[in-house]
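Written out below as C-alpha cells is the structure these notes cover.
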Amino acid sequence: MMIASDNNTQRITDDFARFCADAKSATTPWLTGLRQEAFRRFENLGFPTTRQEEWRFTNVKCIAETEFALAEIPPPLSRETISPFVLDEDYLRLVFVNGHYVGDLSETAAAPQGTVVSSLSAALADQPALIKDHLGQLSSGDNACFAALNSAFIRDGAFVHVPRGVVVERPIHLLFISTGSSSPTASHPRNLIIAQRDSQATIIESYVGLNDGVYLTNAVTEVSVAENAVVDHCKLQQESAHGYHVATTQVRQQRASRFSSHYFSLGGQLVRNEVNVTLDDEGCECTLNGLYIAAGDQHMDNRTRIDHTKPHCTSHELYKGILDERAKGVFNGIIYVHPDAQKTDAKQSNRVLLLSDDAVIDTKPQLEIYADDVKCTHGATVGQIDETALYYLRSRGISEDLARSLLVFAFGNEIANELKLEAIRAHVERFLLAGQSLTEL
C-alpha cells in the first residue's frame, strides 16, 4: 500500500534510525518501544491511496513522494516576529518552532498551582509515570499511517495537566510555527492534555507558517477529559501557501464531562484534519464546530467521528465550508451509536457555500445506530450565494463586491459567533471580512 518512491521510503527509514540514535531522543525503554512499534505499523500501512475508502477524495501522493527532512531547531526568533500570531498577551503560552519548544517565547508563570503547562520533552523527564499512563493510549495509530508516523517520531509538543478541581481561568495557547526552508522539512508535534475530575480549561492550538517553503506539519493531540471536567478546545490552522497539514485529535470523555471543539482551517495547500471523540460514560456532552475556507487549488479534508458508547449522552456538530476558484473540500462525519447507548441525542450538519463553478465539495455525513431509543439527525446542504439576498443588498446602494463579501461573512460568522474567546473571534472575523478574493488572504 506504500505509494512513496523507493528512495523516499529509504529516506524515512534512515531518518528514523538517526532519530532513534540521537541521544536527545533516547529516553526510557517504554518510549523507545512505543516509537519502534509505531514505525513498524507505519511500514506495514504505508501512505494511503485513493483506493481506500477513508482517503477516496484526498490524494496524498504529493506528500508521499516528497523527501522531507526532519525539521531542525531554527535560529532564534524574536518576539516581534511571532507577535502577529500571539492571540492575546494575557494567555498562557507555549511556543514551538519547527516542532521544537522555545522557552524564551513562552509564558507559563501564571498557571495555577499544581497545573502543569510545559513541553512534552520536559514532562517526560519530570513526570515519566504520568506520561506513560496516557501517551499513546488514545491515539495508537493502529489504522492511521500519519498518526503512526507521528508516534514514531515523538520528540516534543505540549503537555497540559489540570489537577482535580482546578479551574484554569486563562486560556492556554499552544503556538506552532513552521519557518520553512529551501528544501522540504517535516515536524511531528505531539500534544497531551489531561483534565482531571471537576477541572476546567480552555486550550487553543494554532499552526502558522512564516514563509512559502514546502513543509509538512503532522500533528497528534490526545485529550483526556475526566468525570465532570470541562475542556473547551479551539484549533486555528493557518499554514502557508505551500504547507501541508495532517492532524488527528483524539478525545475520551468520562461521566458527565463536557468537551467542545472549534476548528478553523484558513490556510495550507493540502489539509487533512481528523477529530475523533469517544463518549465513554453516561451524561457526556460534546460539541464539534468547524469552518474551512479555501481558494485557488487548496484542498481541505475534514473527518470527524463521535462514538456514543453509553446512555444519556449528547453531541452537536456543525461544519461549514466556503470554497472559491478551483478549491476542493471534503467532509466525512460519522456518528456511531453503540448498542448500549440508549437515550442518545445527536445532531450533525455540513453546510457549504460554493463561490465559483469550479469549486468542489464531497460531503458524506453518516449515522450508524445500533440502539433503538435515540434521537439522531444528520444532513448536508450545498449552494451558492443567494441571488435574492444579493439583489436586496444592491438595491440598498451596496456594491456587488461588498454585498458578496457581506453574505460570505454572514455565512461563516455563525461558527465564529460560537466562540467565547474574543481574540480568536476577532481574528476569524477579520479573515472573513478581508474581501471576496480569498486567494489574497
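Chains: A, B, ... in order of the C-alpha cells. Residues: from 1 per chain. Ligands: from 1, in order shown.
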List every residue of stretch 309-439 of chain A that DSSP, applied to the backbone of this structure, places in strand (DSSP E), and write the result as number ranges by chain. A: 314-323, 328-337, 345-354, 360-369, 375-383
If you count only C-alpha atoms, which residues fall within 12 Å of stretch 42-54 of chain A, apart from same-chain ones fewer than 5 positions away, as a ChimeraX atom specification? /A:1-6,8-10,12-13,16,35-37,59-66,140-153,272,274,301-305,330-334,364
Store the residues picked out above, limited to C-alpha atoms, as a JSON list (two decimals), in the first residue's frame.
```
[["chain", "number", "residue", "atom", "x", "y", "z"],
["A", 1, "MET", "CA", 0.00, 0.00, 0.00],
["A", 2, "MET", "CA", 3.07, 2.25, 0.18],
["A", 3, "ILE", "CA", 2.95, 4.82, -2.61],
["A", 4, "ALA", "CA", 6.18, 6.64, -1.79],
["A", 5, "SER", "CA", 9.12, 6.16, -4.10],
["A", 6, "ASP", "CA", 11.78, 3.64, -3.07],
["A", 8, "ASN", "CA", 11.75, 8.29, -0.19],
["A", 9, "THR", "CA", 10.90, 5.10, 1.70],
["A", 10, "GLN", "CA", 14.57, 4.60, 2.41],
["A", 12, "ILE", "CA", 12.18, 7.88, 6.02],
["A", 13, "THR", "CA", 13.78, 4.68, 7.35],
["A", 16, "PHE", "CA", 14.07, 7.13, 11.87],
["A", 35, "ARG", "CA", 8.31, 4.58, 18.80],
["A", 36, "GLN", "CA", 9.60, 1.37, 17.26],
["A", 37, "GLU", "CA", 6.20, -0.32, 17.31],
["A", 59, "ASN", "CA", -4.74, 12.12, -2.74],
["A", 60, "VAL", "CA", -1.60, 12.42, -0.61],
["A", 61, "LYS", "CA", 0.80, 11.49, -3.40],
["A", 62, "CYS", "CA", 2.29, 14.98, -3.15],
["A", 63, "ILE", "CA", 3.29, 14.20, 0.45],
["A", 64, "ALA", "CA", 4.30, 10.59, -0.08],
["A", 65, "GLU", "CA", 6.67, 11.40, -2.94],
["A", 66, "THR", "CA", 8.30, 14.45, -1.35],
["A", 140, "SER", "CA", -2.16, 4.40, 18.88],
["A", 141, "GLY", "CA", -2.06, 4.79, 15.12],
["A", 142, "ASP", "CA", -3.32, 1.25, 14.53],
["A", 143, "ASN", "CA", -5.17, 2.17, 11.34],
["A", 144, "ALA", "CA", -3.73, 5.58, 10.51],
["A", 145, "CYS", "CA", -0.35, 5.90, 8.88],
["A", 146, "PHE", "CA", 0.17, 9.58, 9.71],
["A", 147, "ALA", "CA", -0.66, 9.05, 13.40],
["A", 148, "ALA", "CA", 1.74, 6.09, 13.42],
["A", 149, "LEU", "CA", 4.43, 8.25, 11.81],
["A", 150, "ASN", "CA", 3.87, 10.88, 14.46],
["A", 151, "SER", "CA", 4.21, 8.30, 17.23],
["A", 152, "ALA", "CA", 7.41, 7.00, 15.69],
["A", 153, "PHE", "CA", 8.94, 10.48, 15.74],
["A", 272, "ARG", "CA", -6.46, 16.81, 6.47],
["A", 274, "GLU", "CA", -9.47, 14.39, 11.95],
["A", 301, "ASP", "CA", -10.38, 17.42, 4.13],
["A", 302, "ASN", "CA", -12.35, 17.26, 7.39],
["A", 303, "ARG", "CA", -13.12, 13.96, 9.05],
["A", 304, "THR", "CA", -14.95, 13.54, 12.36],
["A", 305, "ARG", "CA", -16.15, 10.57, 14.36],
["A", 330, "VAL", "CA", -14.15, 17.11, 1.85],
["A", 331, "PHE", "CA", -16.38, 16.42, 4.84],
["A", 332, "ASN", "CA", -16.84, 12.94, 6.25],
["A", 333, "GLY", "CA", -18.58, 12.83, 9.61],
["A", 334, "ILE", "CA", -19.70, 9.70, 11.44],
["A", 364, "LYS", "CA", -20.70, 12.43, 3.48]]
```
Return the single residue from A:Ala346, A:Val225, A:Met300, A:Ile293 that is closest to A:Gly412, with distances computed using only C-alpha atoms. A:Ile293
Atom CA of A:Val271 and atom CA of A:Leu210 are how many Å apart?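 Atom CA of A:Leu210 lies 17.1 Å from atom CA of A:Val271.
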Would you list, as a PyMOL selection string, the residues of stretch 95-317 of chain A that end up in helix (DSSP H, G or I) under DSSP run on this structure's backbone? chain A and resi 103-105+120-126+128-134+145-152
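Neighbours of A:Gln200 closer than or equal to 8 Å, with only C-alpha atoms counted and sequence neighbours fewer than 2 positions away skipped, come out as Val162, Gly165, Val166, Val167, Val168, Ala195, Asp198, Thr202, Ala229, Val230 and Val231 of chain A.
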